[in-house]
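A.B. asks: Attaching a single structure in structure tokens format; questions to follow.
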Amino acid sequence: MGLLKWLGFDGACEKEPLSLNDRNFAEEVRKSKVPVVVDVWSHGCAPCAALVPTIKRLACKYEGKIKVAELNTGAGPKSVSKLGVRGTPTVLFFKNGAVVERVVGVRGQHYFEEIIETDLLNYPANEAEEAEEAVG
């Protein structure tokens, strides 16, 4: 596996995340049967814009296993407040309707994959590596 692919720059596939707001947040996230990754972002946030390609690649890579969504602070102010989000970007990882991990700021795709595979999908460390090799 090449360094760029390991970093998430293989250019393979991107998928638009599900758009959340205060009206659909509970149904799409809290009541979801599958784990959910929520990217909380705001307009004018350069780090948020830098994270978009990574979120789209995660949505594609884990399609059918998890749900990847985005929540604009303007579209979901009540949800953002209830979640205690103080800055953007913030990526929240939900399992069984509860937050199991929170990442504030920009990180590489591999960082998010580790959280998804170990905390959301419960892959043991060696299985997560084998799953990555099988995909790539």
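Naming works like this for the structure tokens: A, B, ... for the chains as they're shown, residue 1 at the start of each chain, ligands 1 onward in shown order.
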Do you know which residues are at most 10 Å from Phe25 (chain A) counting only C-alpha atoms, after dropping those on the same chain fewer than 4 positions away, and could you put them as a PDB file with N, CA and C atoms, in the first residue's frame?

C.D. replies:
```
ATOM      1  N   SER A  19     -27.418  15.018   4.784  1.00  0.00           N
ATOM      2  CA  SER A  19     -27.543  16.334   5.423  1.00  0.00           C
ATOM      3  C   SER A  19     -28.514  16.255   6.594  1.00  0.00           C
ATOM      4  N   LEU A  20     -28.051  16.710   7.736  1.00  0.00           N
ATOM      5  CA  LEU A  20     -28.873  16.716   8.947  1.00  0.00           C
ATOM      6  C   LEU A  20     -29.320  18.128   9.291  1.00  0.00           C
ATOM      7  N   ASN A  21     -30.403  18.215  10.059  1.00  0.00           N
ATOM      8  CA  ASN A  21     -30.883  19.476  10.623  1.00  0.00           C
ATOM      9  C   ASN A  21     -31.611  19.132  11.920  1.00  0.00           C
ATOM     10  N   VAL A  29     -29.948   9.895  13.476  1.00  0.00           N
ATOM     11  CA  VAL A  29     -28.763   9.606  14.286  1.00  0.00           C
ATOM     12  C   VAL A  29     -29.123   8.830  15.555  1.00  0.00           C
ATOM     13  N   ARG A  30     -29.943   9.410  16.397  1.00  0.00           N
ATOM     14  CA  ARG A  30     -30.254   8.784  17.688  1.00  0.00           C
ATOM     15  C   ARG A  30     -30.975   7.446  17.549  1.00  0.00           C
ATOM     16  N   LYS A  31     -31.816   7.308  16.520  1.00  0.00           N
ATOM     17  CA  LYS A  31     -32.593   6.080  16.328  1.00  0.00           C
ATOM     18  C   LYS A  31     -32.008   5.175  15.245  1.00  0.00           C
ATOM     19  N   SER A  32     -30.843   5.502  14.742  1.00  0.00           N
ATOM     20  CA  SER A  32     -30.244   4.730  13.661  1.00  0.00           C
ATOM     21  C   SER A  32     -29.878   3.321  14.115  1.00  0.00           C
ATOM     22  N   ALA A  69     -22.853  11.510   7.911  1.00  0.00           N
ATOM     23  CA  ALA A  69     -23.736  12.664   7.783  1.00  0.00           C
ATOM     24  C   ALA A  69     -22.989  13.949   8.093  1.00  0.00           C
ATOM     25  N   LEU A  71     -23.713  18.055   9.562  1.00  0.00           N
ATOM     26  CA  LEU A  71     -24.641  18.939  10.267  1.00  0.00           C
ATOM     27  C   LEU A  71     -24.067  20.346  10.257  1.00  0.00           C
ATOM     28  N   GLY A  76     -28.820  23.275  12.244  1.00  0.00           N
ATOM     29  CA  GLY A  76     -29.150  22.479  13.427  1.00  0.00           C
ATOM     30  C   GLY A  76     -28.657  23.084  14.719  1.00  0.00           C
ATOM     31  N   LYS A  78     -30.063  23.747  17.581  1.00  0.00           N
ATOM     32  CA  LYS A  78     -30.495  23.046  18.802  1.00  0.00           C
ATOM     33  C   LYS A  78     -29.706  21.755  18.981  1.00  0.00           C
ATOM     34  N   SER A  79     -29.546  21.023  17.899  1.00  0.00           N
ATOM     35  CA  SER A  79     -28.786  19.767  17.968  1.00  0.00           C
ATOM     36  C   SER A  79     -27.331  20.040  18.343  1.00  0.00           C
TER      37      SER A  79
END
```

A.B. asks: To test your reading of the structure, identify every residue in chain A that backbone DSSP assigns to strand (DSSP E or B), and report it as a short mmCIF file (atom, residue, chain, number, x, y, z; two decimals) with N, CA and C atoms, in the first residue's frame.

C.D. replies:
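File produced: part-v8.cif:
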```
data_model
loop_
_atom_site.label_atom_id
_atom_site.label_comp_id
_atom_site.auth_asym_id
_atom_site.auth_seq_id
_atom_site.Cartn_x
_atom_site.Cartn_y
_atom_site.Cartn_z
N LEU A 18 -25.12 12.42 4.24
CA LEU A 18 -26.51 12.77 4.52
C LEU A 18 -26.55 14.13 5.21
N SER A 19 -27.42 15.02 4.78
CA SER A 19 -27.54 16.33 5.42
C SER A 19 -28.51 16.25 6.59
N LEU A 20 -28.05 16.71 7.74
CA LEU A 20 -28.87 16.72 8.95
C LEU A 20 -29.32 18.13 9.29
N VAL A 36 -23.21 5.94 13.27
CA VAL A 36 -23.27 7.18 12.49
C VAL A 36 -22.06 8.06 12.79
N VAL A 37 -21.48 8.61 11.74
CA VAL A 37 -20.42 9.61 11.85
C VAL A 37 -21.03 10.93 11.43
N VAL A 38 -20.93 11.96 12.29
CA VAL A 38 -21.52 13.26 11.99
C VAL A 38 -20.41 14.31 11.97
N ASP A 39 -20.28 14.97 10.83
CA ASP A 39 -19.35 16.07 10.65
C ASP A 39 -20.11 17.37 10.92
N VAL A 40 -19.78 18.04 12.01
CA VAL A 40 -20.41 19.33 12.35
C VAL A 40 -19.52 20.43 11.79
N TRP A 41 -20.11 21.28 10.94
CA TRP A 41 -19.34 22.31 10.26
C TRP A 41 -20.09 23.64 10.27
N GLU A 63 -19.97 2.64 3.03
CA GLU A 63 -21.38 2.58 2.62
C GLU A 63 -21.95 1.19 2.93
N ILE A 66 -21.92 1.88 7.89
CA ILE A 66 -22.22 2.99 8.78
C ILE A 66 -22.91 4.08 7.96
N LYS A 67 -23.45 5.06 8.66
CA LYS A 67 -24.05 6.22 8.02
C LYS A 67 -23.12 7.40 8.25
N VAL A 68 -22.81 8.14 7.20
CA VAL A 68 -21.98 9.34 7.32
C VAL A 68 -22.85 10.54 7.00
N ALA A 69 -22.85 11.51 7.91
CA ALA A 69 -23.74 12.66 7.78
C ALA A 69 -22.99 13.95 8.09
N GLU A 70 -23.60 15.06 7.68
CA GLU A 70 -23.05 16.38 7.98
C GLU A 70 -24.14 17.22 8.64
N LEU A 71 -23.71 18.05 9.56
CA LEU A 71 -24.64 18.94 10.27
C LEU A 71 -24.07 20.35 10.26
N ASN A 72 -24.70 21.22 9.50
CA ASN A 72 -24.30 22.62 9.48
C ASN A 72 -24.83 23.27 10.75
N THR A 90 -16.10 19.60 14.11
CA THR A 90 -16.16 18.57 15.14
C THR A 90 -16.79 17.34 14.49
N VAL A 91 -16.14 16.21 14.62
CA VAL A 91 -16.67 14.96 14.08
C VAL A 91 -17.08 14.09 15.26
N LEU A 92 -18.35 13.69 15.26
CA LEU A 92 -18.91 12.88 16.34
C LEU A 92 -19.19 11.47 15.82
N PHE A 93 -18.89 10.49 16.64
CA PHE A 93 -19.08 9.09 16.28
C PHE A 93 -20.14 8.51 17.22
N PHE A 94 -21.27 8.08 16.63
CA PHE A 94 -22.41 7.57 17.40
C PHE A 94 -22.55 6.07 17.23
N LYS A 95 -22.83 5.40 18.33
CA LYS A 95 -23.16 3.97 18.29
C LYS A 95 -24.34 3.79 19.24
N ALA A 98 -25.66 6.98 20.95
CA ALA A 98 -24.84 7.74 21.91
C ALA A 98 -23.47 8.06 21.30
N VAL A 99 -22.91 9.21 21.70
CA VAL A 99 -21.58 9.60 21.24
C VAL A 99 -20.55 8.70 21.93
N VAL A 100 -19.72 8.05 21.12
CA VAL A 100 -18.66 7.21 21.67
C VAL A 100 -17.27 7.82 21.47
N GLU A 101 -17.20 8.79 20.56
CA GLU A 101 -15.92 9.46 20.30
C GLU A 101 -16.20 10.83 19.70
N ARG A 102 -15.30 11.77 19.96
CA ARG A 102 -15.43 13.15 19.47
C ARG A 102 -14.04 13.62 19.05
N VAL A 103 -13.96 14.18 17.84
CA VAL A 103 -12.69 14.70 17.33
C VAL A 103 -12.93 16.14 16.91
N VAL A 104 -12.16 17.05 17.48
CA VAL A 104 -12.26 18.46 17.13
C VAL A 104 -11.05 18.82 16.28
#
```

A.B. asks: Pick out the closest residue to Pro17 (chain A) from this set: A:Ala49, A:Ala59, A:Leu83, A:Leu120. Count only C-alpha atoms.

C.D. replies: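 Smallest distance to Pro17 (chain A) is found for A:Ala59.
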
A.B. asks: Mind checking DSSP for chain A and telling me the alpha helix (DSSP H) residues as a PyMOL selection string?

C.D. replies: chain A and resi 3-6+25+46-61+77-83+109-115+125-135

A.B. asks: Store the residues picked out above in a file with N, CA and C atoms, as a compact mmCIF listing (two decimals), in the first residue's frame.

C.D. replies:
```
# COMPACT_ATOMS: atom_id res chain seq x y z
N LEU A 3 1.98 5.29 0.32
CA LEU A 3 1.79 6.30 1.35
C LEU A 3 0.56 7.16 1.08
N LEU A 4 0.38 7.61 -0.16
CA LEU A 4 -0.78 8.45 -0.46
C LEU A 4 -2.09 7.70 -0.24
N LYS A 5 -2.14 6.43 -0.62
CA LYS A 5 -3.35 5.64 -0.40
C LYS A 5 -3.60 5.48 1.10
N TRP A 6 -2.55 5.22 1.87
CA TRP A 6 -2.67 5.07 3.32
C TRP A 6 -3.22 6.36 3.94
N PHE A 25 -32.51 15.08 12.93
CA PHE A 25 -31.36 14.58 13.69
C PHE A 25 -31.71 13.35 14.53
N ALA A 46 -12.52 27.45 7.21
CA ALA A 46 -11.56 26.85 6.28
C ALA A 46 -11.20 25.41 6.65
N PRO A 47 -10.95 25.11 7.93
CA PRO A 47 -10.67 23.71 8.28
C PRO A 47 -11.85 22.78 7.95
N CYS A 48 -13.08 23.30 8.09
CA CYS A 48 -14.26 22.49 7.73
C CYS A 48 -14.22 22.14 6.25
N ALA A 49 -13.89 23.11 5.42
CA ALA A 49 -13.81 22.88 3.97
C ALA A 49 -12.71 21.88 3.64
N ALA A 50 -11.61 21.93 4.38
CA ALA A 50 -10.50 21.00 4.14
C ALA A 50 -10.89 19.56 4.49
N LEU A 51 -11.84 19.38 5.38
CA LEU A 51 -12.27 18.06 5.82
C LEU A 51 -13.28 17.40 4.87
N VAL A 52 -13.92 18.18 4.01
CA VAL A 52 -14.98 17.67 3.13
C VAL A 52 -14.55 16.45 2.30
N PRO A 53 -13.41 16.47 1.60
CA PRO A 53 -13.04 15.30 0.81
C PRO A 53 -12.89 14.03 1.66
N THR A 54 -12.35 14.17 2.84
CA THR A 54 -12.19 13.02 3.73
C THR A 54 -13.54 12.45 4.12
N ILE A 55 -14.48 13.30 4.47
CA ILE A 55 -15.82 12.84 4.86
C ILE A 55 -16.49 12.13 3.70
N LYS A 56 -16.35 12.66 2.49
CA LYS A 56 -16.94 12.03 1.31
C LYS A 56 -16.32 10.66 1.03
N ARG A 57 -15.01 10.54 1.23
CA ARG A 57 -14.35 9.25 1.01
C ARG A 57 -14.78 8.23 2.07
N LEU A 58 -14.96 8.69 3.31
CA LEU A 58 -15.44 7.78 4.36
C LEU A 58 -16.86 7.30 4.05
N ALA A 59 -17.70 8.21 3.55
CA ALA A 59 -19.07 7.83 3.20
C ALA A 59 -19.08 6.75 2.14
N CYS A 60 -18.18 6.84 1.20
CA CYS A 60 -18.10 5.84 0.13
C CYS A 60 -17.52 4.53 0.66
N LYS A 61 -16.42 4.61 1.36
CA LYS A 61 -15.71 3.42 1.82
C LYS A 61 -16.57 2.55 2.74
N PRO A 77 -29.00 24.34 15.00
CA PRO A 77 -28.46 24.99 16.21
C PRO A 77 -28.86 24.28 17.51
N LYS A 78 -30.06 23.75 17.58
CA LYS A 78 -30.50 23.05 18.80
C LYS A 78 -29.71 21.75 18.98
N SER A 79 -29.55 21.02 17.90
CA SER A 79 -28.79 19.77 17.97
C SER A 79 -27.33 20.04 18.34
N VAL A 80 -26.74 21.05 17.73
CA VAL A 80 -25.35 21.42 18.01
C VAL A 80 -25.20 21.79 19.49
N SER A 81 -26.14 22.55 20.01
CA SER A 81 -26.09 22.96 21.42
C SER A 81 -26.22 21.76 22.35
N LYS A 82 -27.18 20.87 22.06
CA LYS A 82 -27.37 19.68 22.89
C LYS A 82 -26.14 18.77 22.89
N LEU A 83 -25.42 18.76 21.77
CA LEU A 83 -24.22 17.93 21.66
C LEU A 83 -23.00 18.56 22.32
N GLN A 109 -7.55 10.92 6.99
CA GLN A 109 -8.55 9.88 6.80
C GLN A 109 -8.25 8.64 7.63
N HIS A 110 -6.98 8.26 7.70
CA HIS A 110 -6.60 7.06 8.44
C HIS A 110 -7.00 7.18 9.92
N TYR A 111 -6.86 8.36 10.48
CA TYR A 111 -7.23 8.60 11.88
C TYR A 111 -8.72 8.28 12.10
N PHE A 112 -9.57 8.76 11.20
CA PHE A 112 -11.01 8.51 11.31
C PHE A 112 -11.33 7.04 11.05
N GLU A 113 -10.62 6.42 10.12
CA GLU A 113 -10.83 4.99 9.84
C GLU A 113 -10.55 4.14 11.07
N GLU A 114 -9.51 4.47 11.80
CA GLU A 114 -9.17 3.73 13.03
C GLU A 114 -10.33 3.79 14.02
N ILE A 115 -10.91 4.96 14.20
CA ILE A 115 -12.03 5.11 15.12
C ILE A 115 -13.24 4.33 14.62
N ALA A 125 -7.79 -4.85 16.40
CA ALA A 125 -6.73 -4.12 15.69
C ALA A 125 -6.22 -4.88 14.48
N ASN A 126 -5.94 -6.18 14.60
CA ASN A 126 -5.41 -6.92 13.45
C ASN A 126 -6.46 -7.12 12.37
N GLU A 127 -7.74 -7.26 12.72
CA GLU A 127 -8.79 -7.39 11.72
C GLU A 127 -8.99 -6.09 10.96
N ALA A 128 -8.85 -4.96 11.64
CA ALA A 128 -8.98 -3.66 10.98
C ALA A 128 -7.90 -3.53 9.90
N GLU A 129 -6.68 -3.98 10.19
CA GLU A 129 -5.62 -3.92 9.20
C GLU A 129 -5.91 -4.85 8.03
N GLU A 130 -6.43 -6.07 8.33
CA GLU A 130 -6.77 -7.02 7.27
C GLU A 130 -7.91 -6.49 6.42
N ALA A 131 -8.91 -5.84 7.03
CA ALA A 131 -10.02 -5.27 6.28
C ALA A 131 -9.50 -4.18 5.35
N GLU A 132 -8.58 -3.37 5.82
CA GLU A 132 -8.00 -2.30 5.01
C GLU A 132 -7.26 -2.90 3.81
N GLU A 133 -6.49 -3.97 4.05
CA GLU A 133 -5.74 -4.59 2.97
C GLU A 133 -6.69 -5.21 1.93
N ALA A 134 -7.79 -5.79 2.40
CA ALA A 134 -8.76 -6.41 1.48
C ALA A 134 -9.44 -5.35 0.61
N VAL A 135 -9.72 -4.17 1.18
CA VAL A 135 -10.36 -3.09 0.43
C VAL A 135 -9.39 -2.50 -0.58
```
